[in-house]
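Below is one structure, written out as structure tokens; the observations come after it.
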Amino acid sequence: MLQTLFDPGFFFVNYPFSNCYALPKAVSHNKFDLIKETFILLCLRVQFSEPEETKSNIVTADHLREIRKSRNMPSSGRFLERLSNGQSLLVAEGYLFEIERRGYLKAGAFVPEVVLEHPHLVKALHEEFVHAGSDVVLAFTYYAHREKLRVIGKEDILENINRKALSIAKEVARETGTLFAGNICNTTVYVRDDEQAKALARSMFKEQVEWAVEAGVDYILAETFDEVGEAMLALEVIKQYGKGTPAVVTLVPSARDVTFDGLSYPEACLRLENAGAAVVGLNCGRGPETILPLIAEIKKVCKGPVACLPVPYRTSCQFKTMQSLVHPKTGEKSFPIDLPAHFVGRSEVLEFGLECKRLGVEYVGLCCGNCSHYMRTLAESYGRRPAASRFSPDMSQHYMYGDKAKFNKYNTEDLVAAKN
Amino acid sequence: MDSDIFQDLFKNGNALVVAEGYLFEFERRGYLRAGAFVPEVVTEHPELVKQLHEEFVHAGSDVVLAFTYYGHREKLRLIGKEDQLEVINRKALDIAGEVARATGTLFAGNICNTTIYRRNDPDTFQIVRDMFKEQVVWAVEAGVDFIVGETFGEFGEAMIALEVIKEFGKGAPAVITLAACGKDSTMDGIPFEDACLQLEEAGAAVVGLNCARGPKSIMPLMAKIRKTCKGPIACLPVTYRTNDEFPTMQSLIDPETKKQAFPYNLPAQCSSRSEIEEFAKECRDLGVEYVGLCCGNCSHYLRVVAEIYGRSPPASKFSPDMTQHFMYGDKTKFHRYFHEETARAFQCA
């Protein structure tokens, strides 16, 4: 019975959870966990056995609502439980860059006005990312803080934009049975040793945290901090005003191996972990190749879950961050407009995912530059099969490069030769 | 719309900016499978197709191209869904027509390479003809302004497509574009400029090239076509970095894996926006009247093309303004803590 339930086939085909991805094999450390896990699986299996004719790889929203009702847990409980069961979380970020790419957000200020201007597009992107394997719907409040809105002359929409972003994200999270996360970030006003600047940063964090808590988030992500000082301030605000909401705190690694305030990244993460962050790690700035060495070091030092969300660009020893990349032809800075020329291929995302899994990274995702095909690849590297896996490539069906038994050599040989 | 009105569009230096690339964009978004590349998303998520049409218009497309590319009998047979042929076509046309009317843009039908045409096997010609006919008839019934027949590797197939549009298109103008492989001639041995001229003389309203080649490798052929053809010419490259050594996206080798990049690792070969800008300028200066982007296209690229062609689409409101960036922007607006110190930290170790 247990064997059947843990059969990989069962996981991949039948497990109804959030648009049908499979939980990775439960890493149960003791008999109690195993029994608990089995019990949950049994309940779900019994509840959701479908008649043969409707069985499919894709679970509808109705099923998901049922799952949610059956669990009926307080929101922070769900987040912490996921992590304590040795499960991993896949997290899609990259909303700013993706909406910029789609022509609805301005590079430069990078403010998510789209939340108010085209909320349906934000909703569609949340859904798309969940479809591609994200376990989390991250409210689009990145850079929707007081300072950025001041820069574009729209400080008066601060509360509206935050509440709207939270509302959209919550709706999608509820519909899909995924986690709902609030998001605060680098303020761009914090200056170490400037008490006034710090006080301003603090108040900026506070207002966004409070709106997130009121909206009922499962956890709050505080991210993209250059220095531990600002990250610590954010964490303190979440602890003080978050009403027990767990905090995920991630730093953005620069080209150096120390934070802007001079700590090594492992040390910085450990401090944040000791100060109460539920998950610590790195996001943004670096690509898969240059973020992994730091993550490996962090993993050695931190005891709790570690987060890794690089940008999917080809950084290297010579060009460690996306900001340092130069255009191969002109030698000019690629950030941000010419970054498309530096994308990683999907194979590299697959490799990255496998390496993170091997390292035991529990909270993994992609930041600026992320999009669904990368997200799906990452999810699959973690053993998931999200709804979008139904559309994973099957090149055997390509009329030129596919199964030669199916297609005429006119296409598979002659045309192939012509295209080279 | 009849041919005359369509031709009038191009007079006085007017041009059409045309967004393509629907297949690849939906594949990227996780709603379409690479391999067969069939637009099942039309019936599975019509709201997403509508959104992408709107997004492309927002970014500067003058045309809403019905998403019937590879929505033909052979591709549907391949995936075991031939019974959905008519539904998919009519739905795709429906969605596109609705967006075109709502935005005041042109509504285009789309037929394409059948993948079963064989020049030395006349039995295939009738099948190909029938495939074109059914899609053309549905397009005409939906009220398209013109019909695109595209991505033909050979002149023979392109000509059949044109003939079918002429016969059953009820006057809808035809835009016929060939997919240029690695050589300077079509697969049936005709130099591209000659093939285009013959199609023009046979009645195509616009002729040119789409797909396969990227911005760099498509231009030399376009220059020849411009010299030969008298009427409007079309240029819609893929947005990948092809070059002399690797002239088509299919030929690109990924520098990391050393294997064929197509299709999984094509993201690593994307053009930068600057390259798209250069491309658009070359087209404009050459006098390309029907310009766009094919596989790999997305809104930020298309906006660049539209802006070079003198437009200011709604998405231009979101064109980059780096003066507002806290690290790289106007130094008088931001603390040097960011524009000097933080910037330096991200630059070098």
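Ordering of the structure tokens sets the chain letters (A, B, ...), residue numbers begin anew at 1 in every chain, and ligands are numbered from 1 in the order given.
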Restrict the calculation to only C-alpha atoms, then for each residue of chain B with any atom at most 6 Å from an atom of chain A give the closest atom pair and their distance in Å to one decimal, rows by chain and rising residue number, as JSON lines.
```
{"residue": "B:Arg28", "atom": "CA", "partner": "A:His373", "partner_atom": "CA", "distance": 5.0}
{"residue": "B:Arg29", "atom": "CA", "partner": "A:Ser372", "partner_atom": "CA", "distance": 4.9}
{"residue": "B:Gly30", "atom": "CA", "partner": "A:Ala388", "partner_atom": "CA", "distance": 5.1}
{"residue": "B:Leu32", "atom": "CA", "partner": "A:Phe391", "partner_atom": "CA", "distance": 5.3}
{"residue": "B:Arg33", "atom": "CA", "partner": "A:Phe391", "partner_atom": "CA", "distance": 4.2}
{"residue": "B:Ala34", "atom": "CA", "partner": "A:Pro393", "partner_atom": "CA", "distance": 4.4}
{"residue": "B:Gly35", "atom": "CA", "partner": "A:Met395", "partner_atom": "CA", "distance": 4.1}
{"residue": "B:Ala36", "atom": "CA", "partner": "A:Gln397", "partner_atom": "CA", "distance": 4.9}
{"residue": "B:Cys181", "atom": "CA", "partner": "A:Lys419", "partner_atom": "CA", "distance": 4.5}
{"residue": "B:Gly182", "atom": "CA", "partner": "A:Lys419", "partner_atom": "CA", "distance": 5.0}
{"residue": "B:Ser251", "atom": "CA", "partner": "A:Asn420", "partner_atom": "CA", "distance": 4.9}
{"residue": "B:Tyr264", "atom": "CA", "partner": "A:Arg346", "partner_atom": "CA", "distance": 5.8}
{"residue": "B:Asn265", "atom": "CA", "partner": "A:Gly345", "partner_atom": "CA", "distance": 4.1}
{"residue": "B:Pro267", "atom": "CA", "partner": "A:Gly345", "partner_atom": "CA", "distance": 5.4}
{"residue": "B:Ala268", "atom": "CA", "partner": "A:Phe343", "partner_atom": "CA", "distance": 4.6}
{"residue": "B:Cys270", "atom": "CA", "partner": "A:Ala341", "partner_atom": "CA", "distance": 5.0}
{"residue": "B:Ser271", "atom": "CA", "partner": "A:Ala341", "partner_atom": "CA", "distance": 5.1}
{"residue": "B:Ser272", "atom": "CA", "partner": "A:Asp338", "partner_atom": "CA", "distance": 4.4}
{"residue": "B:Arg273", "atom": "CA", "partner": "A:Asp338", "partner_atom": "CA", "distance": 5.4}
{"residue": "B:Ser299", "atom": "CA", "partner": "A:Arg102", "partner_atom": "CA", "distance": 4.9}
{"residue": "B:His300", "atom": "CA", "partner": "A:Arg101", "partner_atom": "CA", "distance": 5.0}
{"residue": "B:Ala315", "atom": "CA", "partner": "A:Gly103", "partner_atom": "CA", "distance": 5.0}
{"residue": "B:Phe318", "atom": "CA", "partner": "A:Lys106", "partner_atom": "CA", "distance": 4.2}
{"residue": "B:Ser319", "atom": "CA", "partner": "A:Lys106", "partner_atom": "CA", "distance": 5.7}
{"residue": "B:Pro320", "atom": "CA", "partner": "A:Ala107", "partner_atom": "CA", "distance": 4.5}
{"residue": "B:Asp321", "atom": "CA", "partner": "A:Gly108", "partner_atom": "CA", "distance": 5.0}
{"residue": "B:Met322", "atom": "CA", "partner": "A:Gly108", "partner_atom": "CA", "distance": 4.1}
{"residue": "B:Gln324", "atom": "CA", "partner": "A:Ala109", "partner_atom": "CA", "distance": 4.9}
{"residue": "B:His325", "atom": "CA", "partner": "A:Gly108", "partner_atom": "CA", "distance": 4.3}
{"residue": "B:Ala345", "atom": "CA", "partner": "A:Ser254", "partner_atom": "CA", "distance": 5.7}
{"residue": "B:Phe346", "atom": "CA", "partner": "A:Ser254", "partner_atom": "CA", "distance": 4.7}
{"residue": "B:Gln347", "atom": "CA", "partner": "A:Ser324", "partner_atom": "CA", "distance": 4.7}
{"residue": "B:Cys348", "atom": "CA", "partner": "A:Ala255", "partner_atom": "CA", "distance": 5.3}
{"residue": "B:Ala349", "atom": "CA", "partner": "A:Arg256", "partner_atom": "CA", "distance": 4.2}
```
Polymer residues at most 10 Å from Lys224 (chain B), only C-alpha atoms, same-chain spacing of 2 or more positions, as a CSV table (one decimal) with N, CA, C and O atoms, in the first residue's frame:
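The result, written out as selection33.csv:
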```csv
chain,number,residue,atom,x,y,z
B,191,PRO,N,16.6,31.7,-57.5
B,191,PRO,CA,17.1,32.8,-56.6
B,191,PRO,C,15.9,33.6,-56.0
B,191,PRO,O,14.9,33.8,-56.7
B,192,PHE,N,16.0,33.9,-54.7
B,192,PHE,CA,14.9,34.5,-54.0
B,192,PHE,C,14.3,35.7,-54.7
B,192,PHE,O,13.1,35.9,-54.7
B,193,GLU,N,15.2,36.6,-55.3
B,193,GLU,CA,14.7,37.8,-55.9
B,193,GLU,C,13.9,37.4,-57.1
B,193,GLU,O,12.9,38.1,-57.4
B,194,ASP,N,14.3,36.4,-57.8
B,194,ASP,CA,13.5,36.0,-59.0
B,194,ASP,C,12.2,35.4,-58.6
B,194,ASP,O,11.1,35.6,-59.2
B,219,MET,N,19.0,40.4,-44.5
B,219,MET,CA,19.2,41.7,-45.2
B,219,MET,C,19.8,41.6,-46.6
B,219,MET,O,19.3,42.2,-47.5
B,220,PRO,N,20.9,40.8,-46.7
B,220,PRO,CA,21.5,40.8,-48.1
B,220,PRO,C,20.5,40.3,-49.1
B,220,PRO,O,20.4,40.8,-50.3
B,221,LEU,N,19.6,39.3,-48.7
B,221,LEU,CA,18.6,38.9,-49.7
B,221,LEU,C,17.6,39.9,-49.9
B,221,LEU,O,17.1,40.1,-51.1
B,222,MET,N,17.2,40.7,-48.9
B,222,MET,CA,16.2,41.8,-49.1
B,222,MET,C,16.7,42.8,-50.0
B,222,MET,O,16.0,43.4,-50.8
B,226,ARG,N,14.7,44.0,-53.2
B,226,ARG,CA,14.3,45.4,-53.5
B,226,ARG,C,14.7,45.9,-54.9
B,226,ARG,O,14.0,46.6,-55.5
B,227,LYS,N,15.8,45.4,-55.4
B,227,LYS,CA,16.3,45.8,-56.7
B,227,LYS,C,15.4,45.2,-57.8
B,227,LYS,O,15.2,45.8,-58.8
B,228,THR,N,14.9,44.0,-57.5
B,228,THR,CA,14.2,43.3,-58.6
B,228,THR,C,12.7,43.6,-58.6
B,228,THR,O,12.1,43.7,-59.6
B,229,CYS,N,12.0,43.7,-57.4
B,229,CYS,CA,10.6,43.8,-57.4
B,229,CYS,C,10.2,45.3,-57.4
B,229,CYS,O,10.9,46.2,-56.9
```
Determine which residues of region 87-231 of chain B receive a DSSP assignment of helix (DSSP H, G or I), computed from the backbone, and state them as a PyMOL selection string. chain B and resi 87-103+122-142+155-168+192-201+215-228
Would you pick out the contacts of region 305-314 of chain B at 10 Å or less, using only C-alpha atoms, so that residues sharing its chain but fewer than 3 positions from it are not included, and give the list as number ranges by chain? A: 103-104; B: 14-19, 55-62, 273, 276-285, 289, 291-293, 299-302, 317-319
Can you check which residues of region 158-241 of chain B DSSP gives as strand (DSSP E) on the backbone and send them as a list in words? Ala174, Val175, Ile176, Thr177, Leu178, Val206, Val207, Gly208, Leu209, Asn210, Ile233, Ala234, Cys235 and Leu236 of chain B
Those same residues - N, CA, C and O atoms - I'd like them written as a PDB file, in the first residue's frame.
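Resulting contents of selection14.pdb:
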```pdb
ATOM      1  N   ALA B 174      -3.163  39.088 -51.458  1.00  0.00           N
ATOM      2  CA  ALA B 174      -2.279  38.057 -50.921  1.00  0.00           C
ATOM      3  C   ALA B 174      -0.908  38.633 -50.618  1.00  0.00           C
ATOM      4  O   ALA B 174      -0.324  39.333 -51.448  1.00  0.00           O
ATOM      5  N   VAL B 175      -0.430  38.338 -49.426  1.00  0.00           N
ATOM      6  CA  VAL B 175       0.957  38.645 -49.068  1.00  0.00           C
ATOM      7  C   VAL B 175       1.663  37.297 -49.043  1.00  0.00           C
ATOM      8  O   VAL B 175       1.281  36.409 -48.282  1.00  0.00           O
ATOM      9  N   ILE B 176       2.645  37.117 -49.921  1.00  0.00           N
ATOM     10  CA  ILE B 176       3.314  35.818 -50.015  1.00  0.00           C
ATOM     11  C   ILE B 176       4.774  35.960 -49.632  1.00  0.00           C
ATOM     12  O   ILE B 176       5.505  36.760 -50.237  1.00  0.00           O
ATOM     13  N   THR B 177       5.190  35.213 -48.629  1.00  0.00           N
ATOM     14  CA  THR B 177       6.593  35.289 -48.227  1.00  0.00           C
ATOM     15  C   THR B 177       7.211  33.898 -48.157  1.00  0.00           C
ATOM     16  O   THR B 177       6.556  32.922 -47.794  1.00  0.00           O
ATOM     17  N   LEU B 178       8.473  33.872 -48.539  1.00  0.00           N
ATOM     18  CA  LEU B 178       9.224  32.619 -48.569  1.00  0.00           C
ATOM     19  C   LEU B 178      10.136  32.544 -47.350  1.00  0.00           C
ATOM     20  O   LEU B 178      10.547  33.577 -46.806  1.00  0.00           O
ATOM     21  N   VAL B 206       2.006  41.760 -51.999  1.00  0.00           N
ATOM     22  CA  VAL B 206       3.276  42.004 -51.316  1.00  0.00           C
ATOM     23  C   VAL B 206       4.057  40.697 -51.393  1.00  0.00           C
ATOM     24  O   VAL B 206       3.470  39.614 -51.258  1.00  0.00           O
ATOM     25  N   VAL B 207       5.364  40.781 -51.598  1.00  0.00           N
ATOM     26  CA  VAL B 207       6.195  39.578 -51.641  1.00  0.00           C
ATOM     27  C   VAL B 207       7.431  39.791 -50.769  1.00  0.00           C
ATOM     28  O   VAL B 207       7.829  40.933 -50.527  1.00  0.00           O
ATOM     29  N   GLY B 208       8.023  38.692 -50.345  1.00  0.00           N
ATOM     30  CA  GLY B 208       9.242  38.863 -49.545  1.00  0.00           C
ATOM     31  C   GLY B 208       9.611  37.604 -48.790  1.00  0.00           C
ATOM     32  O   GLY B 208       9.340  36.487 -49.232  1.00  0.00           O
ATOM     33  N   LEU B 209      10.244  37.827 -47.639  1.00  0.00           N
ATOM     34  CA  LEU B 209      10.770  36.718 -46.854  1.00  0.00           C
ATOM     35  C   LEU B 209      10.270  36.779 -45.410  1.00  0.00           C
ATOM     36  O   LEU B 209      10.134  37.867 -44.835  1.00  0.00           O
ATOM     37  N   ASN B 210      10.067  35.592 -44.855  1.00  0.00           N
ATOM     38  CA  ASN B 210       9.788  35.534 -43.419  1.00  0.00           C
ATOM     39  C   ASN B 210      10.470  34.297 -42.830  1.00  0.00           C
ATOM     40  O   ASN B 210      10.734  33.326 -43.532  1.00  0.00           O
ATOM     41  N   ILE B 233       7.533  45.170 -50.624  1.00  0.00           N
ATOM     42  CA  ILE B 233       8.239  43.950 -50.227  1.00  0.00           C
ATOM     43  C   ILE B 233       8.167  43.763 -48.715  1.00  0.00           C
ATOM     44  O   ILE B 233       8.031  44.727 -47.966  1.00  0.00           O
ATOM     45  N   ALA B 234       8.258  42.497 -48.312  1.00  0.00           N
ATOM     46  CA  ALA B 234       8.075  42.140 -46.907  1.00  0.00           C
ATOM     47  C   ALA B 234       9.338  41.539 -46.311  1.00  0.00           C
ATOM     48  O   ALA B 234      10.034  40.771 -46.984  1.00  0.00           O
ATOM     49  N   CYS B 235       9.583  41.864 -45.041  1.00  0.00           N
ATOM     50  CA  CYS B 235      10.749  41.318 -44.350  1.00  0.00           C
ATOM     51  C   CYS B 235      10.400  41.045 -42.892  1.00  0.00           C
ATOM     52  O   CYS B 235      10.138  41.980 -42.126  1.00  0.00           O
ATOM     53  N   LEU B 236      10.368  39.773 -42.525  1.00  0.00           N
ATOM     54  CA  LEU B 236      10.026  39.393 -41.154  1.00  0.00           C
ATOM     55  C   LEU B 236      10.992  38.301 -40.663  1.00  0.00           C
ATOM     56  O   LEU B 236      10.681  37.113 -40.687  1.00  0.00           O
TER      57      LEU B 236
END
```
Could you pull the residues within 12 Å of region 211-216 of chain A, counting only C-alpha atoms, minus those fewer than 4 positions along the same chain, as a ChimeraX atom specification? /A:74-76,138-141,145,158-171,173-174,179-184,204-207,220-222,238-247
Rounded to one decimal place, report the CA of Phe146 (chain B)-CA of Val164 (chain B) distance in Å. 13.3 Å
Exercise: Ala142 (chain B) partners within 9 Å, only C-alpha atoms, chain neighbours under 2 positions left out, as a ChimeraX atom specification: /B:90,93-94,97,109,137-140,144
Excluding Val128 (chain B) and residues on its chain fewer than 2 positions from it, collect all residues at most 10 Å away from it, counting only C-alpha atoms, and give them as a PyMOL selection string. chain B and resi 73-74+113-118+123-126+130-133+157+160-161+164
Residues near Lys166 (chain B), anyone? I mean within 10 Å using only C-alpha atoms, not counting same-chain ones fewer than 4 positions away, as a PyMOL selection string. chain B and resi 136+160-162+170-174+202-204
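Counting only C-alpha atoms and comparing B:Pro263, B:Ile165, B:Gly156, B:Cys294, the residue that lies closest to Arg213 (chain B) is B:Cys294.
For the atom pair formed by CA of Tyr337 (chain B) and CA of Leu200 (chain A), the distance is 15.8 Å, given to one decimal.
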Minimum-distance residue to Gly13 (chain B), chosen among B:Cys298, B:Ala205, B:Leu286, B:Leu76 (using only C-alpha atoms): B:Leu286
